[in-house]
Structures are given as structure tokens and as C-alpha cells.
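One structure is given here, and the rest of the page talks about it.
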Amino acid sequence: MADDTGAPTAPSTAIDIAWHVRNNVESATAVVERHLAEIERRESDIHAFNLVLADEARARAAEIDEAVSVGRDPGPLAGVPIALKDNMCTRGIPTTCSSRILDGWKPPYDATIVTKLHDAGAIVIGKTNLDEFAMGSSTENSAFGATRNPHDTTRVPGGSSGGSAAAVAAGFAPVSLGSDTGGSIRQPAALCGVVGVKPTYGAVSRYGLVAFASSLDQIGPFATTVADASLLLESISGHDPMDSTSIQRGPLEITRQLDFGVAGLRVGRITDLPEGASPDVVERLEQAFDELRAAGAEIVDVEVPAFTYGLTAYYLIAPAEASSNLARYDGVRFGHRVDAPDTNAMYMATRTDGFGAEVKRRIMLGTYALSAGYYDAYYGRALKVRRRIAADFATAYERADVLLTPASPTVAFHLGDKTSDPMSMYLCDTYTIPSNLTGDPGMSVPFGTGDDGLPVGIQVLAPALQEATMFRTAAVLEQRAPR
Amino acid sequence: MSAAAPWAFEGYEMVVGLEVHVELATRTKLFSASPNRFGDEPNTHIDPVTLGLPGALPVLNRQAVELAMRLGLALNCTVQRSTFARKNYFYPDMPKAYQISQYDEPICVDGHLDLPDGFRVGIERAHLEEDTGKSTHVGGTGGRLHGSDHSLIDFNRAGVPLVEIVSRPDLRSPEQAKAYVSELRAILVAVGASDAKMEEGSMRVDANVSVRRPGAEFGTRCEIKNVNSVRSVGRAIEYEAQRQIGMLDAGESIRQETRHWDETDGRTHTLRSKEDADDYRYFQEPDLVVVDPDPEWIERVRASLPVLPAARRVRLAEATGQAPDAEAVLVVTDRDQDAYVLAVAGAGGDAGRALVHVKEAFADEGARPSLPAADLAVLTRMEVAGELTATQAKQVLAEMAAGGGGDARAIAAAKGFEAMDTSELESMVDDAIAAQPDAWTKFCAGEGKAMGALVGAVMKASKGQADGRAVTALLEQRRAQAFD
């Protein structure tokens, strides 16, 4: 391939890389080396990775090149380097959740998505940093230090999948995977200026994803383009018999409809959306509506009255599930252990030493919310709110095919800005949380810049399993984004 | 084992409900593909799900659901839409620090079990849950955690499917409780839900015991754990009820608590009081989906149930002229030999005699004794015809059984067994009367015991060849003549 000047350019998107590798234009080995060189150059400033798998990636690239040389097709993601959030189990390779409590633990098995990526020809290039156990919105709650935003290294990349967002934004990998429990893919995607998708709950297997809040967690892609995100999501979705909550159907079909446009599509504006977005972000959102209207969409006003209660319900449900999910880190079978005279003292010493402050805070919140005498007032009521939110969205989707909101209330903030005030950090997820509670898909697509020239992400929301419509809308926004 | 007299002590009655845990006889564990097998090397049946490794997810075993349905239907329960919950507490042999268990929506509800004497015990619920691993405490005393040097954990049992069957507090005596456990065990085995071996721990009983004045409100109950045999069920309940009555009579009140049955000292001891109980923080298990068996599946399972022990006992009782809770009927059905007895009858034999022989002689045989039913049929026919006495029949049977079959007539002939001449027998009876005038006088006065001495003398004189029934009949004939 060549650009206008005739000089060869290296392909940068997953789709292009896979095309080059499958057609023997560039070797997987060369692709891996290019990306490792980029990591070498900038990783010390960014700290996107907990672990770079250089040797493993080179070995895998050689396998793919070998396959191509004998005429075997390695798959739709042939030779595509991919970074995995470090809460996805990789056989024999440390999986830390950016927590000391998992010190030294190597999973004896691969997550289902790892197997699927392997089968599609992708190359895992590293495990990325996150807020400990995916609890946070800035990737500052990592036992291994914060990740920095490639657009401005004094700022956070967002979180909790900050490492995966930063890795793609910095060009360390064309695509990555994150997990989204309350916005942990979409918010960092917005802050890092990349595409980030939270698929329908159950569309992607959670087997091998270390659980934070099981009823909310969902794995999804980061990419530099909507088309790459689509290809990657298609590759990792589909029923998995190892995950009882995975939907009984085949992979999502999105790419076929990517270029369908938005003519005739009803795009909803939520009139009672919670306030709190900064003026620069609000301006971009208005501009997004304008562009979609210009592209033929109909903009309709809808109400989602319970939207505003999402944050409160989330901060009861997610910690409640987390308090149970994280109880297994007891020092008995794996990971960190602090010895003590008896079992209870060992539990206490191990967990006191192994967990960070935010994780402890949420374990306590969740334990309280589930306790006898408090269940009805807290967890029980949060479940009712959750059902109400789902009902409100269902009503809104009778009038609109997709909804548009900001992905994050602000552009990337500075490191340390919100670490002393958990509530201000929690508010980062105001716009993303409801779709985790409903199980519906949502994605953030870059749409121009805001204050200080930093990226702004627009969130497109859609009903369950309507990813194709959501991606169509995002593709139009991508085309019409202000430069 | 007929209806026991109601248990009462110092004007109190006991109120007992039982919670029985049974391991289901599935091929694999409740939520993973590891084998469900007892007795292998420690930690050989483990996997990421069993160990609760990060990222591992449970997938429900369909066979476990079906077995739970089978036992539920056999206990006359309604099978309903059910969910799983997490029961959260820390213990080293509980890998996830929560147990996945059905909580507020169990799969089986509202059934009943009829004891052999017809007493009906309500079944509140039967729900699915996973077992824990097994801790072995090394050093210290008595294998208890307290004071031990270190502990070893075997996770082979972790994740094994259990059903907990909760009775209503309908039981009123140790005998009823024991009968309930025995009958439940028989049903579980009959439907193939479990091997229900208390000695191997595949069936475990917890007893909720309280006492009250008849007709009064329920008293405060205590839960008794570690009851590991049918006999212990009776002993532990008896002890616990006496203990509670002693406290009430001393003016003390009962504290709701969990108590441990100590087999060696025959007492229950406080394990933990209600105040110390964990707050399990139950909530619906988000990694699993609702289990909602469709009516078709339920009916298919119902149709596949075998004839249950109670119905088999009735069938056997009717064939043999016994009561359904007659001991021989209970024992023979429990050994699965009821069909054999019916086969003897079907081959022209006498069912009543066959029942007696099978009960007494075939204790070590299984459901299919090696002796062909037709051979036993011949033997019982000879007995009924008076060609063999009971004692002779036993000897012939022993020889037939040892040879795996045989012609009863030929064996009897070879042993020289012939029906005794009536006049010979009459003279023996008259001799016995003459030799024991005291016994004769007492017998005539209606003392039943005295008959034994007279019959015994005749048997002795005949070297065991006399037919007891014929002797008795003659004695009664003579007595009637004496009063004429």
C-alpha cells in the first residue's frame, strides 16, 4: 500500500493490518515489532501496561506468519496486536486486576475471549493497567501506579479501563479490550479520544473476566475507528456454554450495516438528562445532534425520568455484588497471604494488606447494603430502581431508535483532582451507568475536542442487541466529527 | 415397627423437624464438569469453578436438577420456578466464600412423606445447593479446628450437588424421626437420587427439637448437628428433649442455639447461639439464570418414577396377608426382595411362607437371591400341604440355597423328612401331658406360657420333626376334651 506520495505507509487500523497480514503484504512479525517499538518509545511516560508480552507476541507472530506462508488463513484479526485489560484471565500469565491481593497468581485457564481472539488470529501484546478490580474512573486506584493520558500526560486517561484506552490512543496496539461495569470502557474512551463499546449484557462471555459486579460487567472493545470496534466485537461475541448469562445466539452482526447511514433513524434527546456536563461537552453534544439531523436522522425528545437515580442504585448494587465477589480473596488458595496466628486473623491481615482504599470502601458499602435489617432499604430498593430505569428506557425506545448523551461530563481531568473526593469521581459515570443497569449497549465515539483541545466523546445508546443501529449512528458521527 | 406409643415425658411432648442433606448421584458436580466421586485422592476432582478461581463461572448441571425433581415428585412436592442465591460467609473449605444455594425460591415445595404406619409428615421444601470442601485439622485434639497445628483441605467434595429436604415440625417421637429418616432414605435410593449412605456422609441429618405442653404454642427450638446414623437421630432427639424439659422444670428458659451431638458421651453441646449466627447476606446469584422446568419435563420425570417403597409394601402386605408396617414387610422391602417374594407367589408358592423364609434366610442376598423363585415356591407348597414342618423346611431351604437351587422334594426325601403319622404324634402329645402334669394344669387354666413346655417336650421327643402347628392343634383339642 502507498499514500498519495507513493511512499509506503504502515497500516494502523486492525482491518488494514489483518488485510496486509492475510495477503502477505506485511508480516505479523513486522507488525508486532512496530508496536513493540512504539511501546518502547512512550510506555514509560504513559504506563498503559502492567505487563508487556513481547516474547509471547513475537512467538505468536511467527506462528501466524508460518500459517500464512503455507496458505492457511489465520483469521479475521490476523496479526492484529491487542492489549487486554489485566482483569481477563490469561493461562500461565499473571492476571493482577492491578491489586496486590493477586500477587503471584497465574490463571490455569484462558478467558473465553482470549480463546476467541486466538482463533481469530489476534496477538495479545500485553495486559493493561486498571483501577484496582475495575473500581474507579481514572486508573489512579492501581496498586502499580496511575496510567497517564496520551493526549496530556498530566491528565488521567479515565477508568477503570484506562490502560486499554491509553494503549490504543498511544498507538501501542490498534485495538484493546476493556470491561465496563458502570462506564469503564466508554468514559476512558471519551477521555482518550478513541472508540469504546459496552455491548449488550450477555453478548460477550464473561468466563475468565475477574468479576467486579457480575450483573453489570461486560467486556467490550477499544479501537481507533468504529469499523475496527465492529470487527473486534463481532469476533468476541456469541454464546458461551461456560457463561450461563451469555445470550443464546451467534456472534453480533454489525459490520454489514455500518454504511447504512442514519436517514430516517429516530435519534432521541433525553430532555430530563441529569445536569453536570461542562459547557464544552454540551456544545459538542448539540453539534452531534445537528450533524445527525443533517445526515437525515429525525431528532426526537424523550424522557427517562429514572435516569437520574441510576448513580445511586449503581452504588448499592455494584458494591453489594463486589462484596461477595471479592470475598474469595482470603489468602487460602492463591494470591497474597499475610500469615497470622489463626484463620480469621490471617483473613484480616491478608485483606487489609492486599486491597487498596477504594476496594475496601466498596466492600464495606456493599456488605452494609446487604446486611440483615438494611437489605430492603438499600439493596432491595436499588433493585426496584433498576427495574424502573429499565422500564423508562423501554418507553423511550418506543419513540427513538438510539439516544445520544455525553459519554463523560468533562474532558480528561488532572491526576489527583478527584482522588480525595470519591463522590466527585463517582459522578464521572453519571451518563454511562444506566445502560449497565438495563443491560443495553452503549458506546462512546470521539467527536471533536473541548477545553484545552482535549477529546470529547459522544455516547450512543441503543436497546438490547441493537448494536448494528448503534454502530451505524456512531459511524456517521465519526465521519462528521469536527476536525 | 408399628405405631409407637406417643412420646411423653412429665407432661411434655416433643416437636421435631428434620433437615436432611443428601448428595445427589450425578456424574459431575453441580456447577462444573469435575466428577462427583467419593473416596479418591484429595484434590483430584477440582477445576477453576470448584476452586472459586477469579473469573470462573458456574453452569448448572441439568442432571442435578432432574434428580432434585425426581425426589421432589416422589415426596409429593410441587416443582416450581426457582432461583439460586449466594449465602456469604468465610470458611477455608468454602472456596468462593459464598455457597450457591436456593433460598427464597426452592425447586420443590409443599410435599409429604407417609411413614409405614400411615403417619403423614409434611415436607416444607427441598432445594438444591452445593457442598463445601472438607477440612482435616491436624494436631490438637479430636480433629477439631480449635487447638490444631494446621489444617488440610480436600476440595473433591466442594461443589458436589446436595438437596436439602426440610420437613415440617410434625414429628413427635424419636421412633417417628427414625422412621422418617429410614423411609426418606428408601425413597431416595428407589428413585436413584442418591445412595444416601449416612456412614459415608452422603446423607446428613440436622434435627430441630423443641418441647411443649400438648396443645401449647411451639417452644424455643435448638438445632442439633452431627447426627450421623438413624440410631443417633433417635438418641440425640431423646437426649435433647429431656435436656430441654429439665431446664423448663428448673424454671429456666431455652436459648435458641445450634448444638453438636456427641456420639461418645451421648449428649448435645452448645456450638453457637443465635446471637453469634452469621449474617449470610443472601442475594440472588447473578451468575446463574432462573430454573423453570416446563410442565412437559416435569411430567416426563413423574412418569419415569419407579413404584415407591410405600406402594411396594402395600403390595407385599396384600400378597402375604400382613400389615404394611409388619416387620417382615418392612425388612424385605427395604432389601428390595419384595419382588422376589411376589415371584415365588407367581410361581405357585405361598407368599406368606416365602416372606418368612426370605426375611430370615436371605439377609445377605440382594434384590435377586440366587435361589430360583420357582424352587422356593415348591418348598412353600410342601409346607402349606403339611408335608414339611417349619423346622424341616428351613433345613431344606439351607441346602437348596447353598446349591443355588434344587428340588425341595428330593432334598426332603433324602433327609428322610416325611409328614409324621397322626397317631404317632398323638401318643407323643399324651406322653408329654403325662410327664408334665403341672404344665398341663396351668395350660388348662389358660396360661399360654405353659404350652411352650408341652410343645417343647414333643419336639424333643420327635427330634424336631413334629410340626409345631399340628402339636399346638392337638394340645388344644385335648384341652377341649378335658372340659367336655
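Labels used: A, B, ... for chains in the order of the C-alpha cells, numbers from 1 for residues in each chain, and numbers from 1 for ligands as shown.
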Exercise for the section: Output the contact residues of chain A with respect to chain B at a cut-off of 9 Å, based on only C-alpha atoms, as number ranges by chain. Expected result: A: 87-89, 107-109, 111, 206-211, 213-215, 241-245, 320-321, 324-330, 332-334, 343-344, 347, 367, 369-372, 375, 379
Include C-alpha atoms and write out the residues we just selected as a PDB file, in the first residue's frame.
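Okay, out_7.pdb is ready:
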ATOM      1  CA  ASN A  87      -8.672  -8.475  34.732  1.00  0.00           C
ATOM      2  CA  MET A  88      -9.003 -11.030  31.937  1.00  0.00           C
ATOM      3  CA  CYS A  89      -7.523 -14.436  32.645  1.00  0.00           C
ATOM      4  CA  PRO A 107      -4.578 -18.390  35.975  1.00  0.00           C
ATOM      5  CA  PRO A 108      -4.563 -22.040  34.867  1.00  0.00           C
ATOM      6  CA  TYR A 109      -7.001 -21.171  32.108  1.00  0.00           C
ATOM      7  CA  ALA A 111     -10.853 -16.425  29.395  1.00  0.00           C
ATOM      8  CA  ARG A 206     -17.684 -13.152  30.976  1.00  0.00           C
ATOM      9  CA  TYR A 207     -15.956 -16.502  31.559  1.00  0.00           C
ATOM     10  CA  GLY A 208     -12.458 -15.587  32.665  1.00  0.00           C
ATOM     11  CA  LEU A 209     -13.244 -11.961  33.370  1.00  0.00           C
ATOM     12  CA  VAL A 210     -12.443 -11.397  37.034  1.00  0.00           C
ATOM     13  CA  ALA A 211     -15.762 -10.291  38.434  1.00  0.00           C
ATOM     14  CA  ALA A 213     -20.227  -6.752  39.753  1.00  0.00           C
ATOM     15  CA  SER A 214     -21.444  -9.795  37.881  1.00  0.00           C
ATOM     16  CA  SER A 215     -24.842  -8.487  36.782  1.00  0.00           C
ATOM     17  CA  PRO A 241     -21.731 -22.510  27.334  1.00  0.00           C
ATOM     18  CA  MET A 242     -19.336 -21.604  30.171  1.00  0.00           C
ATOM     19  CA  ASP A 243     -21.281 -18.424  30.986  1.00  0.00           C
ATOM     20  CA  SER A 244     -24.897 -19.056  31.983  1.00  0.00           C
ATOM     21  CA  THR A 245     -25.771 -15.401  31.431  1.00  0.00           C
ATOM     22  CA  ALA A 320     -23.121  -5.390  47.036  1.00  0.00           C
ATOM     23  CA  GLU A 321     -22.094  -7.833  44.311  1.00  0.00           C
ATOM     24  CA  SER A 324     -19.468 -11.108  47.608  1.00  0.00           C
ATOM     25  CA  ASN A 325     -17.286 -11.496  44.503  1.00  0.00           C
ATOM     26  CA  LEU A 326     -14.172 -10.282  46.323  1.00  0.00           C
ATOM     27  CA  ALA A 327     -14.707 -12.439  49.411  1.00  0.00           C
ATOM     28  CA  ARG A 328     -12.781 -15.272  47.731  1.00  0.00           C
ATOM     29  CA  TYR A 329      -9.541 -13.315  48.099  1.00  0.00           C
ATOM     30  CA  ASP A 330      -8.943 -14.789  51.528  1.00  0.00           C
ATOM     31  CA  VAL A 332      -6.306 -19.609  51.490  1.00  0.00           C
ATOM     32  CA  ARG A 333      -5.865 -20.911  47.947  1.00  0.00           C
ATOM     33  CA  PHE A 334      -3.999 -18.366  45.803  1.00  0.00           C
ATOM     34  CA  THR A 343      -7.572 -18.241  60.292  1.00  0.00           C
ATOM     35  CA  ASN A 344      -9.654 -15.160  60.988  1.00  0.00           C
ATOM     36  CA  TYR A 347      -8.067 -13.310  56.527  1.00  0.00           C
ATOM     37  CA  THR A 367     -21.650  -5.528  52.895  1.00  0.00           C
ATOM     38  CA  ALA A 369     -26.281  -2.719  51.810  1.00  0.00           C
ATOM     39  CA  LEU A 370     -26.889  -6.486  52.026  1.00  0.00           C
ATOM     40  CA  SER A 371     -26.935  -6.781  55.804  1.00  0.00           C
ATOM     41  CA  ALA A 372     -29.913  -8.101  57.726  1.00  0.00           C
ATOM     42  CA  TYR A 375     -31.322  -5.142  52.696  1.00  0.00           C
ATOM     43  CA  TYR A 379     -30.133  -3.303  48.064  1.00  0.00           C
TER      44      TYR A 379
END
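The shell of residues at most 8 Å from Asp301 (chain A), with only C-alpha atoms counted and near chain neighbours (fewer than 3 positions) removed, consists of Gly268, Arg269, Ile270 and Thr271 of chain A.
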Env of Ala216 (chain B): 10 Å cut, atoms = only C-alpha atoms, seq-sep filter 4 positions within chain, self excluded. Answer as a ChimeraX atom specification.
/B:12-13,211-212
message: List the spatial neighbours of Leu216 (chain A) as a list in words - criterion: any atom at most 10 Å away, only C-alpha atoms, same-chain residues fewer than 2 positions off excluded.
response: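 In the requested form, the answer reads Ser179, Asp180, Thr181, Gly182, Tyr201, Gly202, Ala211, Phe212, Ala213, Ser214, Gln218, Tyr314, Ile317, Ala318, Glu321, Ile433, Ser435, Asn436, Leu437, Thr438 and Gly439 of chain A; Pro286 of chain B.
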Those residues you just picked out, can you put them in a file as an mmCIF file, in the first residue's frame with C-alpha atoms?
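Done, and the output landed in part-v7.cif:
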data_model
loop_
_atom_site.group_PDB
_atom_site.id
_atom_site.type_symbol
_atom_site.label_atom_id
_atom_site.label_comp_id
_atom_site.auth_asym_id
_atom_site.auth_seq_id
_atom_site.Cartn_x
_atom_site.Cartn_y
_atom_site.Cartn_z
ATOM 1 C CA SER A 179 -14.576 -4.199 30.821
ATOM 2 C CA ASP A 180 -17.445 -1.886 31.574
ATOM 3 C CA THR A 181 -19.419 -2.127 34.807
ATOM 4 C CA GLY A 182 -20.625 1.457 35.061
ATOM 5 C CA TYR A 201 -25.148 -7.714 28.625
ATOM 6 C CA GLY A 202 -24.607 -11.343 27.678
ATOM 7 C CA ALA A 211 -15.762 -10.291 38.434
ATOM 8 C CA PHE A 212 -16.421 -6.884 39.928
ATOM 9 C CA ALA A 213 -20.227 -6.752 39.753
ATOM 10 C CA SER A 214 -21.444 -9.795 37.881
ATOM 11 C CA GLN A 218 -19.398 -6.684 30.249
ATOM 12 C CA TYR A 314 -25.487 1.566 40.962
ATOM 13 C CA ILE A 317 -25.878 -2.866 43.532
ATOM 14 C CA ALA A 318 -22.289 -2.864 42.285
ATOM 15 C CA GLU A 321 -22.094 -7.833 44.311
ATOM 16 C CA ILE A 433 -24.250 3.843 34.386
ATOM 17 C CA SER A 435 -27.065 1.120 30.366
ATOM 18 C CA ASN A 436 -25.212 -1.222 32.723
ATOM 19 C CA LEU A 437 -28.298 -1.344 34.914
ATOM 20 C CA THR A 438 -30.553 -2.078 31.933
ATOM 21 C CA GLY A 439 -28.124 -4.373 30.120
ATOM 22 C CA PRO B 286 -26.121 -13.053 39.354
#
- Message: I'd like the neighbourhood of Ala470 (chain B) as a list of chain:residue names, where a residue qualifies if any of its atoms comes within 10 Å (using only C-alpha atoms), though same-chain residues fewer than 3 positions away should be ignored.
- Response: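 So the residues in contact are B:Gly386, B:Thr389, B:Met420, B:Thr422, B:Leu425, B:Glu426, B:Val455, B:Ala466, B:Asp467, B:Ala473, B:Leu474, B:Leu475, B:Glu476.
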query = Which residues come within 7 Å of Trp105 (chain A), counting only C-alpha atoms, excluding same-chain residues fewer than 3 positions away, as a ChimeraX atom specification?
reply = /A:94-95,102,334-335
* Within region 58-171 of chain B, find each residue whose DSSP state, derived from the backbone, is helix (DSSP H, G or I), and express the selection as a PyMOL selection string. => chain B and resi 62-74
Take the selection from the previous step and output its residues with C-alpha atoms, as a PDB file, in the first residue's frame.
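So again_19.pdb came out as:
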ATOM      1  CA  ARG B  62     -29.109 -30.492  34.295  1.00  0.00           C
ATOM      2  CA  GLN B  63     -28.904 -33.967  35.774  1.00  0.00           C
ATOM      3  CA  ALA B  64     -28.843 -32.470  39.276  1.00  0.00           C
ATOM      4  CA  VAL B  65     -31.993 -30.511  38.516  1.00  0.00           C
ATOM      5  CA  GLU B  66     -33.667 -33.647  37.219  1.00  0.00           C
ATOM      6  CA  LEU B  67     -32.697 -35.705  40.269  1.00  0.00           C
ATOM      7  CA  ALA B  68     -33.982 -32.944  42.545  1.00  0.00           C
ATOM      8  CA  MET B  69     -37.217 -33.036  40.587  1.00  0.00           C
ATOM      9  CA  ARG B  70     -37.386 -36.829  40.920  1.00  0.00           C
ATOM     10  CA  LEU B  71     -37.019 -36.807  44.662  1.00  0.00           C
ATOM     11  CA  GLY B  72     -39.350 -33.833  44.975  1.00  0.00           C
ATOM     12  CA  LEU B  73     -42.061 -35.571  42.995  1.00  0.00           C
ATOM     13  CA  ALA B  74     -41.516 -38.790  44.968  1.00  0.00           C
TER      14      ALA B  74
END
**Request:** Excluding region 459-465 of chain A and any residue of its chain fewer than 2 positions from it, enumerate the residues within 6 Å of it, using only C-alpha atoms, and give them as a count of residues only.
**Result:** 14
Residues of region 74-225 of chain A classed as strand (DSSP E) by DSSP on the backbone are to be reported as number ranges by chain.
A: 81-85, 123-128, 175-180, 195-198, 218-223
- request: Have a look at B:Cys222, B:Met428, B:Leu188, B:Ile165 and name the one nearest to Val205 (chain B); count only C-alpha atoms.
  value: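 So, comparing all the options, the nearest one is B:Ile165.
Ranking B:Gln242, B:Asn228, B:Ser194, B:Thr320 by their shortest atom-to-atom distance to Val209 (chain B), with only C-alpha atoms included, puts B:Gln242 first.
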